[in-house]
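Asker: Here you go, start-v8.txt (compact mmCIF, C-alpha atoms (C1' of nucleotides)):
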```txt
# COMPACT_ATOMS: atom_id res chain seq x y z
CA MET A 1 116.02 -36.63 -6.52
CA SER A 2 116.10 -37.72 -10.16
CA GLU A 3 116.15 -34.34 -11.89
CA PRO A 4 112.61 -33.68 -12.88
CA SER A 5 113.42 -30.70 -15.05
CA GLU A 6 115.50 -32.42 -17.70
CA LYS A 7 113.10 -33.40 -20.43
CA VAL A 8 114.71 -36.60 -21.56
CA HIS A 9 112.44 -37.15 -24.56
CA ASP A 10 114.55 -38.88 -27.16
CA ASP A 11 117.47 -36.56 -27.72
CA LEU A 12 119.86 -38.11 -25.29
CA GLY A 13 122.76 -36.49 -27.07
CA GLU A 14 121.68 -33.05 -26.07
CA ALA A 15 120.79 -34.19 -22.59
CA VAL A 16 124.30 -35.52 -22.20
CA LEU A 17 125.83 -32.24 -23.26
CA ILE A 18 123.73 -30.47 -20.67
CA ALA A 19 124.58 -33.01 -18.01
CA MET A 20 128.25 -32.54 -18.77
CA ARG A 21 127.93 -28.78 -18.40
CA ARG A 22 126.23 -29.28 -15.10
CA LEU A 23 128.94 -31.61 -13.93
CA MET A 24 131.60 -29.16 -15.05
CA ARG A 25 130.02 -26.46 -13.03
CA ALA A 26 129.84 -28.69 -9.99
CA VAL A 27 133.51 -29.58 -10.32
CA ASP A 28 134.33 -25.92 -10.65
CA LEU A 29 132.45 -25.07 -7.52
CA HIS A 30 134.17 -27.95 -5.76
CA SER A 31 137.46 -26.44 -6.83
CA LYS A 32 136.51 -23.03 -5.51
CA ARG A 33 135.48 -24.48 -2.20
CA LEU A 34 138.82 -26.22 -2.08
CA MET A 35 140.43 -22.84 -2.53
CA LEU A 36 138.53 -21.44 0.40
CA SER A 37 139.18 -24.40 2.67
CA HIS A 38 142.89 -24.67 2.15
CA GLY A 39 144.04 -22.22 -0.44
CA LEU A 40 144.52 -24.45 -3.45
CA THR A 41 142.23 -24.97 -6.41
CA GLY A 42 141.86 -28.34 -8.08
CA PRO A 43 144.20 -27.59 -10.96
CA GLN A 44 146.79 -26.09 -8.61
CA LEU A 45 146.66 -29.22 -6.51
CA LEU A 46 147.02 -31.34 -9.60
CA VAL A 47 150.09 -29.40 -10.68
CA LEU A 48 151.69 -29.64 -7.27
CA LYS A 49 151.10 -33.36 -7.27
CA ALA A 50 152.69 -33.70 -10.66
CA LEU A 51 155.68 -31.80 -9.36
CA ASP A 52 155.94 -34.07 -6.36
CA GLY A 53 157.75 -36.69 -8.38
CA GLY A 54 160.53 -34.26 -9.23
CA ALA A 55 161.26 -31.03 -11.03
CA CYS A 56 160.02 -30.70 -14.54
CA ALA A 57 159.78 -28.24 -17.39
CA VAL A 58 156.62 -26.35 -18.25
CA GLY A 59 155.78 -28.18 -21.44
CA GLU A 60 156.47 -31.56 -19.93
CA LEU A 61 154.22 -30.77 -17.01
CA ALA A 62 151.49 -29.52 -19.30
CA ARG A 63 151.49 -32.87 -21.04
CA LYS A 64 151.45 -34.70 -17.73
CA VAL A 65 148.38 -32.95 -16.39
CA ARG A 66 146.76 -32.63 -19.80
CA LEU A 67 146.64 -28.86 -19.93
CA SER A 68 147.84 -26.53 -22.64
CA GLN A 69 151.23 -24.94 -22.23
CA PRO A 70 149.85 -21.44 -21.54
CA THR A 71 147.48 -22.74 -18.90
CA ALA A 72 150.19 -24.71 -17.17
CA ALA A 73 152.49 -21.69 -17.26
CA GLU A 74 149.80 -19.51 -15.76
CA ILE A 75 149.15 -21.88 -12.89
CA LEU A 76 152.86 -22.28 -12.25
CA ALA A 77 153.30 -18.53 -12.18
CA ARG A 78 150.55 -18.25 -9.62
CA LEU A 79 152.09 -20.98 -7.50
CA GLN A 80 155.46 -19.29 -7.76
CA ARG A 81 154.03 -15.98 -6.60
CA ARG A 82 152.77 -17.75 -3.51
CA GLY A 83 156.11 -19.34 -2.91
CA LEU A 84 154.87 -22.89 -3.38
CA VAL A 85 156.95 -23.50 -6.46
CA VAL A 86 160.47 -22.43 -7.38
CA ARG A 87 161.34 -21.86 -11.00
CA SER A 88 164.76 -21.71 -12.51
CA ARG A 89 166.30 -22.04 -15.93
CA SER A 90 168.05 -25.22 -16.72
CA HIS A 91 171.68 -24.38 -17.42
CA SER A 92 172.12 -27.30 -19.73
CA ASP A 93 169.31 -25.99 -21.92
CA ARG A 94 168.50 -22.43 -21.11
CA ARG A 95 165.22 -22.51 -23.00
CA CYS A 96 163.75 -24.77 -20.33
CA VAL A 97 162.37 -23.60 -17.03
CA LEU A 98 162.48 -26.18 -14.31
CA ASN A 99 159.71 -26.13 -11.75
CA ARG A 100 160.23 -27.58 -8.31
CA LEU A 101 158.17 -27.75 -5.17
CA SER A 102 159.42 -25.40 -2.49
CA ALA A 103 159.49 -26.56 1.09
CA SER A 104 156.18 -24.86 1.81
CA GLY A 105 154.73 -26.23 -1.42
CA ALA A 106 155.64 -29.74 -0.35
CA ARG A 107 154.14 -29.10 3.07
CA LYS A 108 150.94 -27.79 1.56
CA LEU A 109 150.71 -30.85 -0.61
CA ARG A 110 151.08 -33.12 2.41
CA GLU A 111 148.28 -31.27 4.16
CA ALA A 112 145.91 -31.33 1.23
CA PRO A 113 144.75 -34.93 0.76
CA PRO A 114 142.81 -35.24 4.01
CA LEU A 115 140.95 -32.07 3.17
CA LEU A 116 140.29 -33.26 -0.32
CA GLN A 117 138.82 -36.38 1.17
CA GLU A 118 136.23 -34.45 3.10
CA ALA A 119 133.30 -34.11 0.83
CA PHE A 120 132.89 -35.51 -2.63
CA THR A 121 135.56 -38.15 -2.36
CA ALA A 122 134.13 -39.47 0.87
CA ARG A 123 130.66 -39.56 -0.58
CA PHE A 124 131.95 -41.33 -3.63
CA ALA A 125 133.81 -43.85 -1.53
CA GLY A 126 130.51 -44.69 0.09
CA LEU A 127 129.16 -46.16 -3.12
CA ALA A 128 129.45 -49.80 -3.99
CA GLN A 129 132.68 -50.73 -5.68
CA ASP A 130 131.08 -51.74 -8.93
CA GLU A 131 129.04 -48.56 -8.96
CA GLN A 132 132.25 -46.56 -8.58
CA GLN A 133 133.81 -48.47 -11.40
CA ARG A 134 130.79 -47.94 -13.60
CA LEU A 135 130.84 -44.19 -13.07
CA LEU A 136 134.53 -44.00 -13.79
CA THR A 137 134.16 -46.07 -16.94
CA SER A 138 131.34 -43.88 -18.16
CA LEU A 139 133.40 -40.76 -17.71
CA GLN A 140 136.30 -42.22 -19.57
CA ARG A 141 134.03 -43.38 -22.34
CA LEU A 142 132.60 -39.90 -22.75
CA ALA A 143 136.03 -38.33 -22.59
CA GLU A 144 137.12 -40.64 -25.36
CA LEU A 145 134.15 -39.69 -27.49
CA MET A 146 135.03 -36.05 -27.01
CA ASP A 147 138.73 -36.53 -27.42
CA ALA A 148 138.19 -38.45 -30.61
CA GLU A 149 136.76 -35.24 -31.96
CA THR A 150 139.67 -33.22 -30.67
CA LEU A 151 142.31 -35.59 -31.93
CA ASP A 152 140.49 -36.16 -35.15
CA ALA A 153 143.46 -35.42 -37.33
CA ALA A 154 146.05 -35.98 -34.63
CA PRO A 155 148.75 -38.65 -34.60
CA LEU A 156 147.08 -40.60 -31.83
CA LEU A 157 150.50 -41.51 -30.52
CA SER A 158 150.13 -39.75 -27.20
CA SER A 159 148.45 -41.62 -24.35
CA GLY A 160 150.17 -42.15 -21.07
CA GLY A 161 148.23 -41.71 -17.87
CA VAL A 162 148.19 -38.50 -15.96
CA VAL A 163 149.62 -40.46 -13.13
CA ASP A 164 152.96 -40.79 -14.81
CA GLY A 165 154.94 -43.22 -12.80
CA ALA A 166 157.67 -42.79 -10.37
CA GLU A 167 160.28 -41.49 -12.76
CA PRO A 168 162.07 -39.33 -10.26
CA GLY A 169 164.50 -38.21 -12.94
CA VAL A 170 165.09 -34.91 -11.28
CA SER A 171 168.21 -34.85 -13.33
CA GLU A 172 171.13 -32.91 -12.15
CA GLU A 173 170.38 -29.56 -13.63
CA ALA A 174 167.86 -29.00 -10.90
CA VAL A 175 170.69 -27.74 -8.82
CA VAL A 176 168.95 -24.47 -8.26
CA PRO A 177 170.56 -21.96 -10.56
CA PRO A 178 169.57 -18.32 -10.21
CA VAL A 179 165.91 -18.10 -9.39
CA ILE A 180 163.68 -16.43 -11.93
CA GLU A 181 161.92 -13.26 -11.02
CA GLY A 182 158.19 -13.50 -10.58
CA GLY A 183 157.54 -10.20 -12.29
CA HIS A 184 154.70 -10.00 -14.72
CA MET B 1 142.57 -47.74 -25.28
CA SER B 2 140.63 -47.92 -22.06
CA GLU B 3 142.95 -45.76 -20.01
CA PRO B 4 145.84 -47.78 -18.77
CA SER B 5 144.91 -46.51 -15.32
CA GLU B 6 148.15 -47.54 -13.74
CA LYS B 7 147.14 -47.15 -10.15
CA VAL B 8 143.50 -47.89 -9.97
CA HIS B 9 144.00 -49.90 -6.85
CA ASP B 10 141.33 -48.63 -4.53
CA ASP B 11 141.48 -44.90 -4.97
CA LEU B 12 138.82 -44.61 -7.60
CA GLY B 13 137.80 -41.30 -6.09
CA GLU B 14 140.90 -39.56 -7.30
CA ALA B 15 140.73 -41.27 -10.65
CA VAL B 16 137.21 -39.96 -11.04
CA LEU B 17 138.29 -36.41 -10.26
CA ILE B 18 140.97 -36.67 -12.92
CA ALA B 19 138.58 -38.20 -15.42
CA MET B 20 136.16 -35.36 -14.79
CA ARG B 21 138.87 -32.80 -15.42
CA ARG B 22 139.74 -34.53 -18.63
CA LEU B 23 136.14 -34.53 -19.72
CA MET B 24 135.78 -30.87 -18.82
CA ARG B 25 138.69 -30.01 -20.98
CA ALA B 26 137.29 -32.01 -23.87
CA VAL B 27 133.97 -30.22 -23.56
CA ASP B 28 135.77 -26.91 -23.48
CA LEU B 29 137.69 -27.71 -26.63
CA HIS B 30 134.46 -28.83 -28.25
CA SER B 31 133.00 -25.47 -27.37
CA LYS B 32 135.95 -23.63 -28.86
CA ARG B 33 135.70 -25.60 -32.05
CA LEU B 34 132.03 -24.71 -32.15
CA MET B 35 133.04 -21.07 -31.94
CA LEU B 36 135.34 -21.45 -34.90
CA SER B 37 132.87 -23.37 -37.00
CA HIS B 38 129.90 -21.09 -36.57
CA GLY B 39 130.70 -18.33 -34.15
CA LEU B 40 128.93 -19.51 -31.04
CA THR B 41 130.39 -21.22 -27.99
CA GLY B 42 128.51 -23.91 -26.12
CA PRO B 43 127.30 -21.63 -23.34
CA GLN B 44 126.25 -18.96 -25.85
CA LEU B 45 124.25 -21.53 -27.75
CA LEU B 46 122.67 -22.70 -24.54
CA VAL B 47 121.62 -19.19 -23.66
CA LEU B 48 120.19 -18.52 -27.09
CA LYS B 49 118.20 -21.72 -26.86
CA ALA B 50 116.85 -20.74 -23.48
CA LEU B 51 115.78 -17.43 -24.97
CA ASP B 52 114.05 -19.15 -27.84
CA GLY B 53 111.02 -19.84 -25.69
CA GLY B 54 110.51 -16.14 -25.08
CA ALA B 55 112.10 -13.13 -23.47
CA CYS B 56 113.32 -13.50 -19.96
CA ALA B 57 115.17 -11.62 -17.25
CA VAL B 58 118.80 -12.22 -16.43
CA GLY B 59 118.30 -13.96 -13.13
CA GLU B 60 115.54 -16.14 -14.47
CA LEU B 61 117.71 -17.17 -17.38
CA ALA B 62 120.64 -17.89 -15.09
CA ARG B 63 118.48 -20.32 -13.18
CA LYS B 64 117.25 -21.94 -16.37
CA VAL B 65 120.69 -22.67 -17.73
CA ARG B 66 122.18 -23.30 -14.30
CA LEU B 67 124.74 -20.54 -14.38
CA SER B 68 125.42 -17.84 -11.84
CA GLN B 69 123.90 -14.44 -12.43
CA PRO B 70 127.22 -12.75 -13.26
CA THR B 71 128.11 -15.42 -15.78
CA ALA B 72 124.74 -15.23 -17.46
CA ALA B 73 124.97 -11.45 -17.58
CA GLU B 74 128.41 -11.64 -19.12
CA ILE B 75 127.29 -14.01 -21.86
CA LEU B 76 124.21 -11.93 -22.56
CA ALA B 77 126.33 -8.80 -22.85
CA ARG B 78 128.53 -10.54 -25.36
CA LEU B 79 125.54 -11.71 -27.36
CA GLN B 80 124.09 -8.23 -27.27
CA ARG B 81 127.31 -6.72 -28.59
CA ARG B 82 127.06 -9.07 -31.52
CA GLY B 83 123.47 -8.11 -32.10
CA LEU B 84 122.10 -11.57 -31.42
CA VAL B 85 120.18 -10.50 -28.36
CA VAL B 86 118.23 -7.36 -27.58
CA ARG B 87 118.02 -6.14 -24.01
CA SER B 88 115.54 -3.72 -22.60
CA ARG B 89 114.23 -2.77 -19.23
CA SER B 90 110.83 -3.95 -18.25
CA HIS B 91 108.66 -0.90 -17.66
CA SER B 92 106.46 -2.64 -15.18
CA ASP B 93 109.49 -3.43 -13.05
CA ARG B 94 112.41 -1.32 -14.04
CA ARG B 95 114.87 -3.45 -12.09
CA CYS B 96 114.46 -6.26 -14.59
CA VAL B 97 116.23 -6.45 -17.91
CA LEU B 98 114.41 -8.49 -20.50
CA ASN B 99 116.49 -10.39 -22.97
CA ARG B 100 115.07 -11.35 -26.33
CA LEU B 101 116.44 -12.99 -29.43
CA SER B 102 116.99 -10.55 -32.26
CA ALA B 103 116.11 -11.59 -35.79
CA SER B 104 119.70 -12.51 -36.53
CA GLY B 105 119.97 -14.30 -33.20
CA ALA B 106 116.99 -16.42 -34.07
CA ARG B 107 118.44 -17.12 -37.49
CA LYS B 108 121.76 -18.13 -36.00
CA LEU B 109 119.98 -20.47 -33.64
CA ARG B 110 118.17 -22.12 -36.53
CA GLU B 111 121.45 -22.66 -38.32
CA ALA B 112 123.28 -24.06 -35.33
CA PRO B 113 121.79 -27.49 -34.57
CA PRO B 114 122.99 -29.25 -37.70
CA LEU B 115 126.51 -28.07 -36.98
CA LEU B 116 126.24 -29.18 -33.40
CA GLN B 117 125.22 -32.56 -34.66
CA GLU B 118 128.39 -33.04 -36.65
CA ALA B 119 130.83 -34.60 -34.32
CA PHE B 120 130.28 -35.64 -30.76
CA THR B 121 126.53 -35.85 -30.92
CA ALA B 122 126.64 -38.00 -34.01
CA ARG B 123 129.20 -40.28 -32.46
CA PHE B 124 127.14 -40.52 -29.33
CA ALA B 125 124.01 -41.31 -31.30
CA GLY B 126 125.89 -44.23 -32.77
CA LEU B 127 126.00 -45.99 -29.43
CA ALA B 128 123.37 -48.45 -28.32
CA GLN B 129 120.39 -46.86 -26.66
CA ASP B 130 120.99 -48.46 -23.31
CA GLU B 131 124.63 -47.45 -23.46
CA GLN B 132 123.55 -43.87 -24.05
CA GLN B 133 121.20 -44.05 -21.14
CA ARG B 134 123.85 -45.50 -18.90
CA LEU B 135 126.29 -42.72 -19.69
CA LEU B 136 123.68 -40.08 -19.07
CA THR B 137 122.67 -41.64 -15.80
CA SER B 138 126.27 -41.81 -14.65
CA LEU B 139 126.79 -38.14 -15.38
CA GLN B 140 123.70 -37.19 -13.48
CA ARG B 141 124.70 -39.36 -10.59
CA LEU B 142 128.09 -37.69 -10.39
CA ALA B 143 126.58 -34.26 -10.72
CA GLU B 144 124.30 -35.06 -7.82
CA LEU B 145 127.21 -36.19 -5.70
CA MET B 146 128.94 -32.93 -6.47
CA ASP B 147 125.86 -30.81 -6.08
CA ALA B 148 125.11 -32.36 -2.74
CA GLU B 149 128.37 -30.88 -1.61
CA THR B 150 127.51 -27.51 -3.05
CA LEU B 151 124.11 -27.41 -1.46
CA ASP B 152 125.46 -28.80 1.76
CA ALA B 153 124.79 -25.80 3.90
CA ALA B 154 121.87 -24.59 1.78
CA PRO B 155 118.41 -24.14 3.23
CA LEU B 156 117.10 -27.32 1.65
CA LEU B 157 113.74 -25.77 2.29
CA SER B 158 111.93 -26.75 -0.88
CA SER B 159 110.88 -30.30 -0.21
CA GLY B 160 109.48 -30.37 -3.70
CA GLY B 161 112.76 -29.59 -5.37
CA VAL B 162 114.16 -26.58 -7.10
CA VAL B 163 112.62 -27.48 -10.42
CA ASP B 164 112.19 -24.04 -11.97
CA GLY B 165 110.37 -25.70 -14.85
CA ALA B 166 109.23 -23.94 -17.96
CA GLU B 167 107.44 -20.92 -16.60
CA PRO B 168 106.71 -19.19 -19.88
CA GLY B 169 105.14 -16.20 -18.18
CA VAL B 170 106.90 -13.75 -20.42
CA SER B 171 104.16 -11.39 -19.52
CA GLU B 172 103.37 -8.43 -21.65
CA GLU B 173 106.08 -6.01 -20.67
CA ALA B 174 108.26 -7.47 -23.38
CA VAL B 175 106.94 -4.72 -25.59
CA VAL B 176 110.38 -3.42 -26.40
CA PRO B 177 110.91 -0.27 -24.40
CA PRO B 178 114.04 1.80 -25.04
CA VAL B 179 116.95 -0.43 -25.84
CA ILE B 180 119.81 -0.48 -23.40
CA GLU B 181 123.22 0.68 -24.44
CA GLY B 182 125.85 -1.97 -24.84
CA GLY B 183 128.62 0.09 -23.37
CA HIS B 184 130.94 -1.54 -20.92
C1' DT C 1 103.86 8.80 3.50
C1' DG C 2 108.47 7.32 4.16
C1' DC C 3 112.21 4.55 5.21
C1' DA C 4 113.98 -0.26 5.71
C1' DA C 5 114.17 -4.74 3.68
C1' DT C 6 114.05 -7.18 -0.45
C1' DT C 7 115.00 -8.10 -5.19
C1' DA C 8 117.45 -7.51 -9.73
C1' DT C 9 121.21 -6.32 -12.19
C1' DA C 10 125.92 -4.53 -12.77
C1' DT C 11 130.71 -4.40 -11.64
C1' DC C 12 135.16 -5.91 -9.75
C1' DG C 13 138.66 -9.22 -8.75
C1' DT C 14 140.36 -13.88 -9.30
C1' DG C 15 141.17 -18.20 -11.57
C1' DT C 16 140.98 -21.47 -15.38
C1' DA C 17 141.63 -22.40 -20.23
C1' DC C 18 142.82 -21.89 -24.96
C1' DG C 19 144.87 -20.32 -29.70
C1' DA C 20 147.97 -17.23 -31.83
C1' DT C 21 151.98 -15.19 -31.74
C1' DA C 22 156.44 -13.15 -29.88
C1' DT C 23 160.91 -14.14 -27.94
C1' DA C 24 164.82 -16.75 -26.56
C1' DT C 25 167.74 -20.74 -27.24
C1' DT C 26 169.31 -24.84 -29.25
C1' DT C 27 170.11 -27.74 -33.14
C1' DT C 28 170.85 -28.61 -37.91
C1' DG C 29 172.31 -27.98 -42.61
C1' DC C 30 175.40 -26.14 -45.53
C1' DG D 1 180.87 -20.78 -38.46
C1' DC D 2 176.54 -19.19 -39.24
C1' DA D 3 171.89 -18.63 -40.92
C1' DA D 4 167.58 -21.42 -40.93
C1' DA D 5 164.69 -24.71 -38.62
C1' DA D 6 163.13 -26.53 -34.50
C1' DT D 7 161.96 -26.20 -29.68
C1' DA D 8 160.55 -23.99 -25.17
C1' DT D 9 158.54 -20.51 -22.84
C1' DA D 10 156.16 -16.06 -22.37
C1' DT D 11 152.59 -12.89 -23.58
C1' DC D 12 148.23 -11.21 -25.49
C1' DG D 13 143.44 -11.51 -26.39
C1' DT D 14 139.21 -13.96 -25.59
C1' DA D 15 135.74 -16.59 -23.07
C1' DC D 16 133.85 -18.71 -19.15
C1' DA D 17 132.72 -18.93 -14.24
C1' DC D 18 132.29 -17.53 -9.65
C1' DG D 19 131.85 -14.76 -5.02
C1' DA D 20 131.52 -10.32 -3.11
C1' DT D 21 129.80 -6.19 -3.38
C1' DA D 22 127.75 -1.83 -5.40
C1' DT D 23 123.70 0.26 -7.38
C1' DA D 24 118.96 0.76 -8.67
C1' DA D 25 114.06 -0.21 -8.07
C1' DT D 26 110.19 -2.18 -5.68
C1' DT D 27 107.75 -3.72 -1.73
C1' DG D 28 106.39 -3.86 3.00
C1' DC D 29 105.53 -2.10 7.22
C1' DA D 30 105.08 1.25 10.75
```
As structure tokens - that is how I would like this structure written.

Answerer:
Amino acid sequence: MSEPSEKVHDDLGEAVLIAMRRLMRAVDLHSKRLMLSHGLTGPQLLVLKALDGGACAVGELARKVRLSQPTAAEILARLQRRGLVVRSRSHSDRRCVLNRLSASGARKLREAPPLLQEAFTARFAGLAQDEQQRLLTSLQRLAELMDAETLDAAPLLSSGGVVDGAEPGVSEEAVVPPVIEGGH
Amino acid sequence: MSEPSEKVHDDLGEAVLIAMRRLMRAVDLHSKRLMLSHGLTGPQLLVLKALDGGACAVGELARKVRLSQPTAAEILARLQRRGLVVRSRSHSDRRCVLNRLSASGARKLREAPPLLQEAFTARFAGLAQDEQQRLLTSLQRLAELMDAETLDAAPLLSSGGVVDGAEPGVSEEAVVPPVIEGGH
DNA sequence: TGCAATTATATCGTGTACGATATATTTTGC
DNA sequence: GCAAAATATATCGTACACGATATAATTGCA
């Protein structure tokens, strides 16, 4: 299959940029297929997973899943409209909006993994372990090269895996104060 | 550095999906920075480059740059509004819209590469050749795994591959018939 | 010739993603 | 105690990306 069209010549840099675009598109299509098969896109699934460990504020969640605050807010709003997430203001700090999985959101999340396993993940799992590791390492390497550019002048402090840990820390202000309207 | 990767255990599949998302975001930010630095996003630059070889129709161009027809049309419309691309109907086949670089579009394209070189590409070029090759190969491998999913139910007819190739065949109807309005 | 099938593009709706900026709330400094 | 600074979220505008579908033009076949 080895892509005949991509003239590799000597400019690997450009070839990599193109390959990344292609991969992005494939991931996007994967996400859209996910949406069709069980009603959740990749990012939505990611956000639900992040919320599985306990309620959390918008900004905090954005950092966890490595999205900007507006993007995270948008996805949360969509999930709220579908009743998968419940949002409420913290009463200890009324600036914050706490996001929690609703019962149906939690159910949906439980149903998702097997479906996610179906295609790409299964195929990937079929590769040799060291091949899997190599692909993962390459991705992370490239992401670092790109991020370096992004964080050029940034503090560098950040880090912290997307996985976060357990950290249930639902804290007690998640006691479901008045629910926020979903109006736009 | 090297991603703490808390829970690598055996679920590399999920880790890869996350790493891909991270890379996508980095590429997107790169593109936005490109826009700030010289007014063209990554996809716009890609489209201009594809047009550099000669005029071509929307669908043809979409296949070349591996985008869907609506996406390609959208980007072309944007480029037209900025006067970087000229669109006109072919008079031999009035269904087709031929897209050509305008003078300023061509100029912009000539000015772009050095700027593109600045950050990521330069950093990438600093890696060892075999490292570069390995990263590229990994990306292509992953894209294939993803694409396989996409093309799952596709005809698969072409045993020879989709290829597309160069296909200059601009043919002579690129003689600039009445320009199409840019109205939306 | 004439109408159906095909092909090409355009348009609509949805979703992701961001920066900039507006708004609400807390915290801090005086 | 209260205005200014800091923080958190919401909103707006832009761009990308797609599938579905509408529209226009050509081709093929009866």

Asker: Mind pulling up the distance from CA of Leu145 (chain B) to CA of Gly126 (chain A)?

Answerer: 10.8 Å

Asker: Check which residues of chain D sit at most 10 Å from chain A using only C-alpha atoms (C1' of nucleotides), and return one row each with the closest pair of atoms and their distance in Å to one decimal, ordered by chain and rising number, as a Markdown table.

Answerer:
```
| residue | atom | partner | partner_atom | distance |
| --- | --- | --- | --- | --- |
| D:DT7 | C1' | A:Arg95 | CA | 8.3 |
| D:DA8 | C1' | A:Arg95 | CA | 5.4 |
| D:DT9 | C1' | A:Arg95 | CA | 7.0 |
| D:DA10 | C1' | A:Pro70 | CA | 8.3 |
| D:DT11 | C1' | A:Pro70 | CA | 9.2 |
| D:DA17 | C1' | A:Asp28 | CA | 8.0 |
| D:DC18 | C1' | A:Leu29 | CA | 7.8 |
| D:DG19 | C1' | A:Lys32 | CA | 9.5 |
```

Asker: As an MDAnalysis selection string, please: the residues near Leu51 (chain B) (cut-off 9 Å, only C-alpha atoms (C1' of nucleotides), same-chain neighbours under 3 positions excluded).

Answerer: chainID B and resid 46:48 54:56 61 85 99:101

Asker: Save the residues we just selected, C-alpha atoms, as a PDB file, in the coordinates of the input?

Answerer:
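File written: out-v1.pdb
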```pdb
ATOM      1  CA  LEU B  46     122.670 -22.700 -24.540  1.00  0.00           C
ATOM      2  CA  VAL B  47     121.620 -19.190 -23.660  1.00  0.00           C
ATOM      3  CA  LEU B  48     120.190 -18.520 -27.090  1.00  0.00           C
ATOM      4  CA  GLY B  54     110.510 -16.140 -25.080  1.00  0.00           C
ATOM      5  CA  ALA B  55     112.100 -13.130 -23.470  1.00  0.00           C
ATOM      6  CA  CYS B  56     113.320 -13.500 -19.960  1.00  0.00           C
ATOM      7  CA  LEU B  61     117.710 -17.170 -17.380  1.00  0.00           C
ATOM      8  CA  VAL B  85     120.180 -10.500 -28.360  1.00  0.00           C
ATOM      9  CA  ASN B  99     116.490 -10.390 -22.970  1.00  0.00           C
ATOM     10  CA  ARG B 100     115.070 -11.350 -26.330  1.00  0.00           C
ATOM     11  CA  LEU B 101     116.440 -12.990 -29.430  1.00  0.00           C
TER      12      LEU B 101
END
```

Asker: Which residue is closest to chain A? Choose from C:DG29, C:DT21, C:DA8, C:DT16 and count only C-alpha atoms (C1' of nucleotides).

Answerer: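 Once distances to chain A are computed over only C-alpha atoms (C1' of nucleotides), the minimum belongs to C:DT16.
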
Asker: If I take C1' of DA20 (chain D) and C1' of DG13 (chain C), how far is one from the other in Å, to one decimal?

Answerer: 9.2 Å
